[in-house]
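> protein38.txt is reproduced below (compact mmCIF, C-alpha atoms).
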```
# COMPACT_ATOMS: atom_id res chain seq x y z
CA MET S 144 84.32 67.54 105.73
CA LEU S 145 84.75 69.46 102.50
CA VAL S 146 88.24 70.85 102.06
CA ALA S 147 90.11 72.47 99.23
CA ASP S 148 91.43 70.13 96.56
CA PHE S 149 95.14 70.85 96.30
CA SER S 150 95.84 68.18 93.68
CA CYS S 151 96.63 70.90 91.15
CA LEU S 152 97.20 73.74 93.60
CA THR S 153 100.07 72.48 95.70
CA LEU S 154 101.41 74.45 98.62
CA SER S 155 104.55 75.28 96.66
CA SER S 156 102.60 76.73 93.75
CA LEU S 157 100.41 78.61 96.19
CA LEU S 158 103.38 80.25 97.87
CA LEU S 159 104.98 80.94 94.49
CA GLY S 160 101.84 82.74 93.40
CA ILE S 161 101.90 84.93 96.48
CA MET S 162 105.56 85.76 96.02
CA THR S 163 105.06 86.53 92.35
CA HIS S 164 102.42 89.13 93.12
CA GLY S 165 104.24 90.51 96.16
CA ILE S 166 103.22 90.61 99.81
CA THR S 167 102.06 93.87 101.34
CA ALA S 168 101.50 94.15 105.08
CA PHE S 169 97.94 94.90 106.11
CA ASN S 170 97.27 98.62 106.60
CA MET S 171 94.04 99.53 108.41
CA LEU S 172 94.44 103.20 107.43
CA SER S 173 94.21 102.43 103.71
CA ASN S 174 91.05 103.32 101.79
CA GLU S 175 91.48 100.35 99.44
CA ASN S 176 90.88 97.46 101.83
CA LEU S 177 88.60 94.52 101.16
CA ALA S 178 87.22 92.48 104.06
CA VAL S 179 85.34 89.27 103.25
CA TYR S 180 83.66 87.00 105.79
CA TRP S 181 84.64 83.34 105.84
CA GLY S 182 83.15 80.53 107.87
CA GLN S 183 79.42 80.22 107.13
CA ASN S 184 79.35 78.81 103.58
CA SER S 185 76.62 81.19 102.46
CA TYR S 186 76.67 79.78 98.93
CA GLY S 187 76.12 76.27 100.28
CA ASP S 188 73.08 77.43 102.24
CA THR S 189 71.31 78.47 99.05
CA HIS S 190 72.85 75.87 96.74
CA PRO S 191 72.84 72.62 98.77
CA ASP S 192 73.31 70.44 95.68
CA LYS S 193 76.27 72.32 94.18
CA THR S 194 78.92 71.14 96.59
CA ALA S 195 81.82 71.86 94.23
CA HIS S 196 81.37 75.56 94.97
CA TRP S 197 80.89 75.27 98.69
CA GLN S 198 83.24 77.05 101.05
CA LYS S 199 86.82 75.74 101.12
CA THR S 200 89.34 75.94 103.95
CA LEU S 201 90.69 79.42 104.62
CA SER S 202 94.09 79.06 102.94
CA TYR S 203 92.37 78.43 99.60
CA TYR S 204 91.30 82.08 99.56
CA CYS S 205 94.68 83.54 100.47
CA MET S 206 96.47 82.73 97.23
CA ASP S 207 96.28 86.25 95.82
CA ASN S 208 96.30 89.86 96.94
CA VAL S 209 92.58 90.50 96.57
CA VAL S 210 91.19 90.10 100.11
CA ASP S 211 92.90 92.00 102.94
CA THR S 212 90.89 90.89 105.98
CA PHE S 213 89.06 87.66 106.78
CA PRO S 214 86.64 87.87 109.72
CA ILE S 215 85.94 84.26 110.74
CA ALA S 216 82.20 83.75 111.26
CA PHE S 217 81.07 83.04 113.90
CA LEU S 218 81.56 82.76 117.61
CA VAL S 219 77.84 82.29 118.14
CA ASP S 220 77.35 82.05 121.91
CA SER S 221 79.40 83.83 124.55
CA TYR S 222 78.60 81.29 127.26
CA ALA S 223 77.89 77.66 126.45
CA GLU S 224 78.72 74.47 128.35
CA GLY S 225 81.78 74.80 130.55
CA ASN S 226 81.25 78.58 130.66
CA LEU S 227 83.16 78.87 127.39
CA PRO S 228 81.93 80.14 124.01
CA SER S 229 80.71 78.04 121.12
CA ILE S 230 81.70 78.47 117.48
CA ASP S 231 80.42 77.07 114.22
CA LEU S 232 82.14 77.16 110.82
CA ALA S 233 79.48 75.45 108.72
CA ASN S 234 80.94 72.73 106.47
CA ILE S 235 84.52 73.27 107.63
CA CYS S 236 84.33 72.77 111.40
CA ASN S 237 81.09 71.83 113.16
CA SER S 238 79.67 69.19 115.46
CA GLY S 239 79.58 66.68 112.62
CA ASN S 240 83.20 66.88 111.54
CA ALA S 241 85.23 68.07 114.54
CA ASN S 242 85.67 67.36 118.23
CA TYR S 243 84.63 69.38 121.24
CA PHE S 244 87.03 70.16 124.02
CA PRO S 245 85.99 67.89 126.93
CA GLY S 246 83.25 69.32 129.12
CA THR S 247 82.50 72.17 126.71
CA GLU S 248 80.63 73.02 123.52
CA LEU S 249 83.76 74.64 122.11
CA LEU S 250 84.92 73.00 118.91
CA ASN S 251 88.54 72.04 118.43
CA CYS S 252 89.32 73.42 114.95
CA SER S 253 93.07 73.45 115.52
CA PHE S 254 93.67 71.96 112.06
CA LEU S 255 92.98 75.49 110.78
CA ALA S 256 96.04 76.91 112.54
CA SER S 257 98.26 76.43 109.51
CA ASP S 258 95.64 78.03 107.25
CA ILE S 259 95.40 81.10 109.46
CA GLU S 260 99.15 81.45 109.78
CA MET S 261 99.59 81.05 106.02
CA CYS S 262 97.08 83.83 105.37
CA GLN S 263 98.79 86.08 107.90
CA SER S 264 102.17 85.42 106.28
CA ALA S 265 100.58 86.58 103.02
CA GLY S 266 99.84 89.96 104.62
CA LYS S 267 96.20 89.38 105.55
CA ALA S 268 94.48 90.10 108.85
CA VAL S 269 92.39 87.24 110.26
CA THR S 270 89.92 87.98 113.06
CA ILE S 271 87.11 86.20 114.90
CA SER S 272 83.60 87.59 114.48
CA LEU S 273 81.26 87.44 117.48
CA GLY S 274 77.54 87.21 116.87
CA GLY S 275 75.86 86.89 113.50
CA GLY S 276 72.15 86.73 112.73
CA THR S 277 71.48 84.13 115.42
CA GLY S 278 74.31 85.06 117.75
CA ASN S 279 73.95 85.30 121.53
CA ILE S 280 76.69 87.60 122.77
CA GLN S 281 75.31 88.79 126.10
CA PHE S 282 76.62 89.90 129.49
CA GLN S 283 74.78 90.36 132.75
CA SER S 284 77.11 93.00 134.16
CA ASP S 285 80.20 95.09 133.48
CA SER S 286 82.27 92.89 135.78
CA GLN S 287 81.28 89.76 133.88
CA ALA S 288 82.09 91.46 130.58
CA THR S 289 85.49 92.61 131.84
CA ALA S 290 86.35 89.07 132.87
CA TYR S 291 85.22 87.76 129.48
CA ALA S 292 87.86 89.87 127.76
CA GLN S 293 90.46 87.61 129.39
CA THR S 294 88.65 84.56 127.99
CA ILE S 295 88.71 85.89 124.42
CA TRP S 296 92.33 86.97 124.81
CA ASN S 297 93.32 83.49 126.01
CA LEU S 298 91.30 81.52 123.46
CA PHE S 299 91.93 83.45 120.26
CA LEU S 300 94.54 86.18 120.69
CA GLY S 301 97.83 86.54 122.56
CA GLY S 302 96.95 84.61 125.72
CA LYS S 303 97.31 80.94 126.59
CA SER S 304 94.77 78.19 127.10
CA LYS S 305 94.42 74.44 126.68
CA THR S 306 91.19 75.04 124.79
CA ARG S 307 92.27 77.27 121.91
CA PRO S 308 89.92 76.52 118.98
CA PHE S 309 92.59 77.41 116.40
CA GLY S 310 95.54 75.96 118.24
CA SER S 311 98.77 77.92 117.98
CA ALA S 312 97.35 80.51 115.57
CA ILE S 313 97.10 84.00 117.07
CA LEU S 314 94.30 85.96 115.44
CA ASP S 315 94.60 89.66 114.62
CA GLY S 316 91.58 90.84 116.55
CA ILE S 317 87.82 90.56 116.87
CA ASP S 318 84.74 91.70 115.00
CA MET S 319 81.40 92.50 116.67
CA ASP S 320 78.56 91.46 114.36
CA ILE S 321 75.78 92.13 116.86
CA GLU S 322 72.27 91.82 115.47
CA GLY S 323 70.16 91.51 118.61
CA GLY S 324 70.03 91.69 122.38
CA SER S 325 71.31 94.21 124.89
CA GLN S 326 74.55 96.20 124.85
CA THR S 327 75.08 95.68 128.59
CA GLY S 328 78.77 95.19 129.29
CA TYR S 329 80.00 95.74 125.74
CA VAL S 330 81.99 98.87 126.58
CA SER S 331 83.61 97.16 129.57
CA PHE S 332 84.38 94.04 127.52
CA LEU S 333 86.00 95.93 124.66
CA THR S 334 87.85 98.37 126.91
CA ALA S 335 89.38 95.51 128.87
CA LEU S 336 90.19 93.62 125.67
CA ARG S 337 91.88 96.70 124.18
CA LYS S 338 94.12 96.86 127.25
CA HIS S 339 95.23 93.30 126.60
CA MET S 340 95.81 94.16 122.94
CA ASP S 341 97.86 97.25 123.75
CA ARG S 342 100.15 95.12 125.90
CA GLY S 343 100.49 92.47 123.21
CA LYS S 344 103.44 91.78 120.95
CA LYS S 345 101.60 92.58 117.71
CA LYS S 346 98.95 94.92 116.33
CA TYR S 347 95.37 93.92 117.06
CA TYR S 348 92.11 95.30 115.66
CA ILE S 349 88.53 95.72 116.87
CA THR S 350 85.85 96.07 114.19
CA ALA S 351 82.05 96.00 114.10
CA ALA S 352 79.42 95.22 111.48
CA PRO S 353 76.44 97.47 112.23
CA GLN S 354 73.32 97.67 110.10
CA CYS S 355 73.13 100.71 107.84
CA PRO S 356 70.19 102.47 109.59
CA PHE S 357 71.91 105.11 111.73
CA PRO S 358 72.40 104.80 114.64
CA ASP S 359 72.57 101.03 114.89
CA GLU S 360 70.04 99.67 117.37
CA TYR S 361 72.19 96.91 118.83
CA ILE S 362 75.70 98.35 119.00
CA GLY S 363 75.32 102.08 118.32
CA ASP S 364 75.89 103.20 121.93
CA THR S 365 79.01 101.05 122.12
CA LEU S 366 80.36 102.53 118.89
CA ASP S 367 80.06 105.99 120.46
CA SER S 368 82.10 104.94 123.49
CA VAL S 369 84.85 102.63 122.21
CA GLY S 370 87.61 103.35 119.72
CA PHE S 371 86.88 100.79 117.01
CA ASP S 372 89.34 100.52 114.12
CA ALA S 373 86.69 100.03 111.44
CA VAL S 374 82.96 99.50 110.93
CA TYR S 375 81.74 97.19 108.18
CA VAL S 376 78.35 98.85 107.69
CA GLN S 377 75.82 96.38 106.27
CA PHE S 378 74.29 98.22 103.33
CA TYR S 379 72.08 95.24 102.60
CA ASN S 380 68.94 93.60 104.01
CA ASN S 381 67.76 97.12 104.88
CA TYR S 382 65.97 100.08 103.26
CA CYS S 383 69.38 101.79 102.99
CA ASP S 384 70.88 99.06 100.83
CA LEU S 385 73.01 99.49 97.73
CA LYS S 386 70.04 99.51 95.38
CA HIS S 387 68.95 102.78 97.02
CA TYR S 388 72.29 104.48 96.46
CA ASN S 389 70.72 107.26 94.37
CA ASN S 390 68.08 108.02 97.02
CA ARG S 391 69.75 110.27 99.58
CA ASN S 392 66.78 109.81 101.93
CA ASP S 393 67.77 106.13 102.22
CA TRP S 394 71.46 105.80 101.38
CA ASP S 395 73.16 107.20 104.49
CA PHE S 396 76.91 106.75 104.15
CA ALA S 397 77.14 110.50 104.85
CA ALA S 398 75.69 109.94 108.34
CA TRP S 399 78.29 107.27 109.07
CA ASP S 400 81.06 109.52 107.75
CA ASP S 401 79.89 112.36 109.98
CA TRP S 402 79.82 110.01 112.95
CA ALA S 403 83.34 108.78 112.14
CA ASN S 404 84.73 112.30 111.93
CA ASN S 405 82.87 113.89 114.84
CA VAL S 406 81.70 111.26 117.32
CA SER S 407 83.85 108.12 117.24
CA PRO S 408 86.55 108.07 119.96
CA ASN S 409 88.98 106.97 117.24
CA PRO S 410 89.48 109.84 114.77
CA ASP S 411 91.13 107.40 112.35
CA ILE S 412 88.24 104.92 112.22
CA LYS S 413 87.40 103.62 108.76
CA VAL S 414 83.89 103.08 107.39
CA TYR S 415 83.39 100.25 104.89
CA ILE S 416 80.56 99.64 102.46
CA GLY S 417 79.16 96.25 103.40
CA ALA S 418 77.67 94.44 100.40
CA PRO S 419 76.28 91.00 99.48
CA ALA S 420 78.60 89.14 97.12
CA SER S 421 75.73 87.70 95.07
CA SER S 422 71.98 88.03 94.67
CA THR S 423 71.45 85.06 96.99
CA ALA S 424 73.74 86.40 99.72
CA GLY S 425 71.42 89.22 100.75
CA SER S 426 68.94 91.76 99.45
CA GLY S 427 70.34 94.89 97.87
CA TYR S 428 72.87 93.14 95.65
CA VAL S 429 74.17 95.16 92.71
CA ASN S 430 76.33 93.88 89.87
CA SER S 431 80.03 94.61 89.48
CA LYS S 432 79.50 97.59 87.19
CA LYS S 433 77.14 99.31 89.62
CA ILE S 434 79.21 98.64 92.72
CA THR S 435 82.31 99.92 90.93
CA SER S 436 80.57 103.26 90.41
CA ILE S 437 79.37 103.36 94.03
CA ILE S 438 82.81 102.50 95.40
CA GLN S 439 84.69 105.06 93.37
CA GLN S 440 82.26 107.89 94.15
CA THR S 441 82.21 107.10 97.86
CA GLN S 442 85.97 106.71 97.98
CA SER S 443 86.39 110.16 96.42
CA ASN S 444 83.80 111.96 98.55
CA TYR S 445 84.29 110.71 102.11
CA SER S 446 87.47 110.90 104.17
CA SER S 447 86.44 108.04 106.48
CA PHE S 448 86.01 105.55 103.63
CA GLY S 449 88.15 102.49 104.26
CA GLY S 450 87.03 99.96 101.71
CA VAL S 451 84.40 97.28 101.18
CA MET S 452 83.14 94.33 103.18
CA LEU S 453 81.53 91.37 101.39
CA TRP S 454 79.26 88.61 102.64
CA ASP S 455 80.65 86.08 101.99
CA ILE S 456 83.69 84.53 100.30
CA SER S 457 81.90 81.44 98.96
CA ASP S 458 79.33 83.60 97.18
CA ALA S 459 82.03 85.93 95.85
CA TYR S 460 83.96 83.05 94.27
CA ALA S 461 80.83 81.45 92.81
CA ASN S 462 79.76 84.80 91.37
CA HIS S 463 82.57 85.20 88.85
CA ARG S 464 85.08 86.23 91.54
CA TYR S 465 83.02 89.27 92.54
CA ASP S 466 85.74 90.02 95.09
CA ILE S 467 88.21 90.76 92.27
CA ALA S 468 85.79 93.17 90.61
CA VAL S 469 85.40 94.99 93.93
CA LYS S 470 89.14 95.10 94.58
CA GLN S 471 89.76 96.39 91.09
CA ALA S 472 87.28 99.21 91.76
CA LEU S 473 89.04 100.03 95.03
CA THR S 474 92.49 100.20 93.47
CA SER S 475 91.69 101.24 89.88
CA ASP S 476 94.31 98.66 88.98
CA LYS S 477 93.94 97.11 85.52
CA ASP S 478 96.48 94.45 86.41
CA LEU S 479 93.89 92.89 88.69
CA LEU S 480 91.61 92.29 85.74
CA ASN S 481 94.40 90.38 83.95
CA LYS S 482 95.08 88.53 87.17
CA ARG S 483 91.45 87.52 87.33
CA ILE S 484 91.73 85.90 83.93
CA ARG S 485 94.91 84.06 84.92
CA ASP S 486 93.42 82.85 88.18
CA GLN S 487 90.34 81.48 86.49
CA HIS S 488 92.57 79.33 84.30
CA LEU S 489 94.71 78.13 87.20
CA SER S 490 92.05 76.15 89.00
CA GLU S 491 88.89 74.45 87.86
CA THR S 492 87.45 74.99 91.30
CA ARG S 493 87.40 78.72 90.65
CA ASN S 494 85.13 78.43 87.63
CA THR S 495 81.60 79.63 88.29
CA THR S 496 78.08 78.58 87.37
CA GLN S 497 76.04 81.63 88.22
CA GLU S 498 75.38 84.21 85.50
CA GLU S 499 74.74 87.38 87.47
CA ASP S 500 77.33 89.80 86.20
```
What is this file in structure tokens?

Amino acid sequence: MLVADFSCLTLSSLLLGIMTHGITAFNMLSNENLAVYWGQNSYGDTHPDKTAHWQKTLSYYCMDNVVDTFPIAFLVDSYAEGNLPSIDLANICNSGNANYFPGTELLNCSFLASDIEMCQSAGKAVTISLGGGTGNIQFQSDSQATAYAQTIWNLFLGGKSKTRPFGSAILDGIDMDIEGGSQTGYVSFLTALRKHMDRGKKKYYITAAPQCPFPDEYIGDTLDSVGFDAVYVQFYNNYCDLKHYNNRNDWDFAAWDDWANNVSPNPDIKVYIGAPASSTAGSGYVNSKKITSIIQQTQSNYSSFGGVMLWDISDAYANHRYDIAVKQALTSDKDLLNKRIRDQHLSETRNTTQEED
């Protein structure tokens, strides 16, 4: 298992760095948020021989104030052996380097509890993402979906179970990255889950990651019926990707903004620009200069704008800390640029090899 090398980045220096830059509690209503997926080691998929830049454990990415939300990718199957879900976290926690709970295909990744809790203490939201490109999140009926809300609550959120994949860590919500199948039961599942959340002791969030063609084929009806907190619209791998920003027949953020303001049950829902963090992370990639222009124009023109989502953190770090360039655009904060320079000198593992920007 590949984990972060803390030989020069000790826990004490990590915490000192967070304290030095200040901790701000996560605010879903902000229009400067950055959400970055963690869990699938996207860079490693396309660069199998460059292991030094593969995905690290979650806490490695929580040492600064750049990323606000980490959706953990993915819970890939709603019902596997033992009638429980299955998850896969690529090189960090998978069948080759972790144990299953007996009688199930659910991995025991409880060693990540301290990582999750450390990120949360640094003011970040950490959620579990259901689905993905090969995900199988399906229900046969509304009653089955309603019951499944209890399962997710017990395994990942404020409930209790002997088979919690992340041990004592209590995640901050769920993300629906649905890219196939039927929407049967989704409204019932999310409505029941929201009831659990509303009775909980902390704030929980429900987000989705629809494709940019509007309305989304696989979760669009659900978005119209459930009060999501944010949508991470995937403006990549589609005709409406970032490279088509100047073509108003393709680029359709306006349609999503109109939906957010006039259709969504949650009038405060935020719409994010979803973007690939490097040219190998998805089609439609644009460099830091171009995305800065897109972010700032969209932020100024649309009231529903909530920030940016990137796929994924391993690609962002390998691509000259693309996440910092995006966060700088969101905040128009020159201090972040100086911070980027300092951070690149702090750890050799943050140096990059790609020359895209």
> For Asn242 (chain S), which of S:Thr306, S:Asp401, S:Thr277, S:Phe371 is the closest residue, counting all atoms listed in the file?
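Looking only at the distances to Asn242 (chain S), the closest residue turns out to be S:Thr306.
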> Taking all atoms listed in the file into account, which of S:Phe309, S:Trp454, S:Asn404, S:Met171 comes nearest Ile349 (chain S)?
S:Met171
> Considering all atoms listed in the file, state which residue in the set S:Glu175, S:Glu248, S:Asp400, S:Asp207 is at the smallest distance from Val219 (chain S).
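For Val219 (chain S), the nearest of the given residues is S:Glu248.
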> So what do you get for CA of Asn279 (chain S) versus CA of Asp220 (chain S), distance-wise?
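Distance reported for this atom pair: 4.7 Å.
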> Record the distance separating CA of Gln198 (chain S) and CA of Asp315 (chain S), expressed in Å with one decimal.
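CA of Asp315 (chain S) lies 21.7 Å from CA of Gln198 (chain S).
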> Nearest residue to Ile215 (chain S) out of S:Ile280, S:Ile317, S:Val451, S:Val469, using all atoms listed in the file?
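Distance minimum relative to Ile215 (chain S) lands on S:Ile317.
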> Near Ile259 (chain S), within 10 Å and counting all atoms listed in the file, which residues show up once chain neighbours fewer than 6 positions away are dropped, as a list in words?
Thr200, Leu201, Ser202, Cys205, Phe213, Ala265, Lys267, Ala268, Val269, Thr270, Phe309, Ser311, Ala312, Ile313 and Leu314 of chain S
> How would the residues just picked look written out with C-alpha atoms as a JSON list (two decimals), in the frame of the given file?

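Result file part33.json:
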```
[["chain", "number", "residue", "atom", "x", "y", "z"],
["S", 200, "THR", "CA", 89.34, 75.94, 103.95],
["S", 201, "LEU", "CA", 90.69, 79.42, 104.62],
["S", 202, "SER", "CA", 94.09, 79.06, 102.94],
["S", 205, "CYS", "CA", 94.68, 83.54, 100.47],
["S", 213, "PHE", "CA", 89.06, 87.66, 106.78],
["S", 265, "ALA", "CA", 100.58, 86.58, 103.02],
["S", 267, "LYS", "CA", 96.20, 89.38, 105.55],
["S", 268, "ALA", "CA", 94.48, 90.10, 108.85],
["S", 269, "VAL", "CA", 92.39, 87.24, 110.26],
["S", 270, "THR", "CA", 89.92, 87.98, 113.06],
["S", 309, "PHE", "CA", 92.59, 77.41, 116.40],
["S", 311, "SER", "CA", 98.77, 77.92, 117.98],
["S", 312, "ALA", "CA", 97.35, 80.51, 115.57],
["S", 313, "ILE", "CA", 97.10, 84.00, 117.07],
["S", 314, "LEU", "CA", 94.30, 85.96, 115.44]]
```
> Determine the axis-aligned bounding box of all atoms of region 320-328 of chain S present in the file, pad each side by 3 Å, and express its centre and edge lengths in Å to one decimal place as JSON.

```
{"center_x": 74.4, "center_y": 93.8, "center_z": 121.8, "size_x": 14.7, "size_y": 10.7, "size_z": 20.9}
```
> In Å to one decimal, how far is CA of Pro358 (chain S) from CA of Gly370 (chain S)?
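A separation of 16.1 Å between them.
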> Under the rule that all atoms listed in the file are counted, which of S:Asn184, S:Gln263, S:Asn405, S:Thr350 is the nearest residue to Tyr460 (chain S)?
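That would be S:Asn184, the residue with the smallest distance to Tyr460 (chain S).
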> Given only C-alpha atoms as the basis, pick out the residue of S:Gly343, S:Pro410, S:Gly275, S:Gly450 nearest to Thr212 (chain S).
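Closest to Thr212 (chain S), using only C-alpha atoms: S:Gly450.
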> If we count only C-alpha atoms and set the cut-off at 10 Å, which residues sit around Val429 (chain S), ignoring sequence neighbours fewer than 2 positions away in its own chain? Please answer as a list in words.
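Within the cut-off, the hits are Asp384, Leu385, Lys386, Ala418, Pro419, Ala420, Ser421, Ser422, Ser426, Gly427, Ser431, Lys432, Lys433, Ile434, Thr435, Ile437, Glu499 and Asp500 of chain S.
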> Find the residues with any atom within 12 Å of (74.8, 76.2, 93.6); use only C-alpha atoms and the coordinates as given in the file, and write the answer as a list in words.
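Those residues lying close to the given coordinates are Asn184, Ser185, Tyr186, Gly187, Asp188, Thr189, His190, Pro191, Asp192, Lys193, Thr194, Ala195, His196, Trp197, Gln198, Ser421, Thr423, Ala424, Ser457, Asp458, Tyr460, Ala461, Asn462, Thr495, Thr496, Gln497 and Glu498 of chain S.
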> Neighbourhood query: residues within 6 Å of (90.6, 102.9, 104.7), file coordinates, counting all atoms listed in the file; return as a list in words.
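Result, sorted by chain then residue number: Leu172, Ser173, Asn174, Glu175, Lys413, Phe448, Gly449 and Gly450 of chain S.
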> Within 10 Å of region 332-336 of chain S, counting only C-alpha atoms, which residues show up once you throw out same-chain ones fewer than 3 positions away? Write them as a PyMOL selection string, please.
chain S and resi 282+284-296+300+316-317+319+327-329+339-341+349+365+368-371
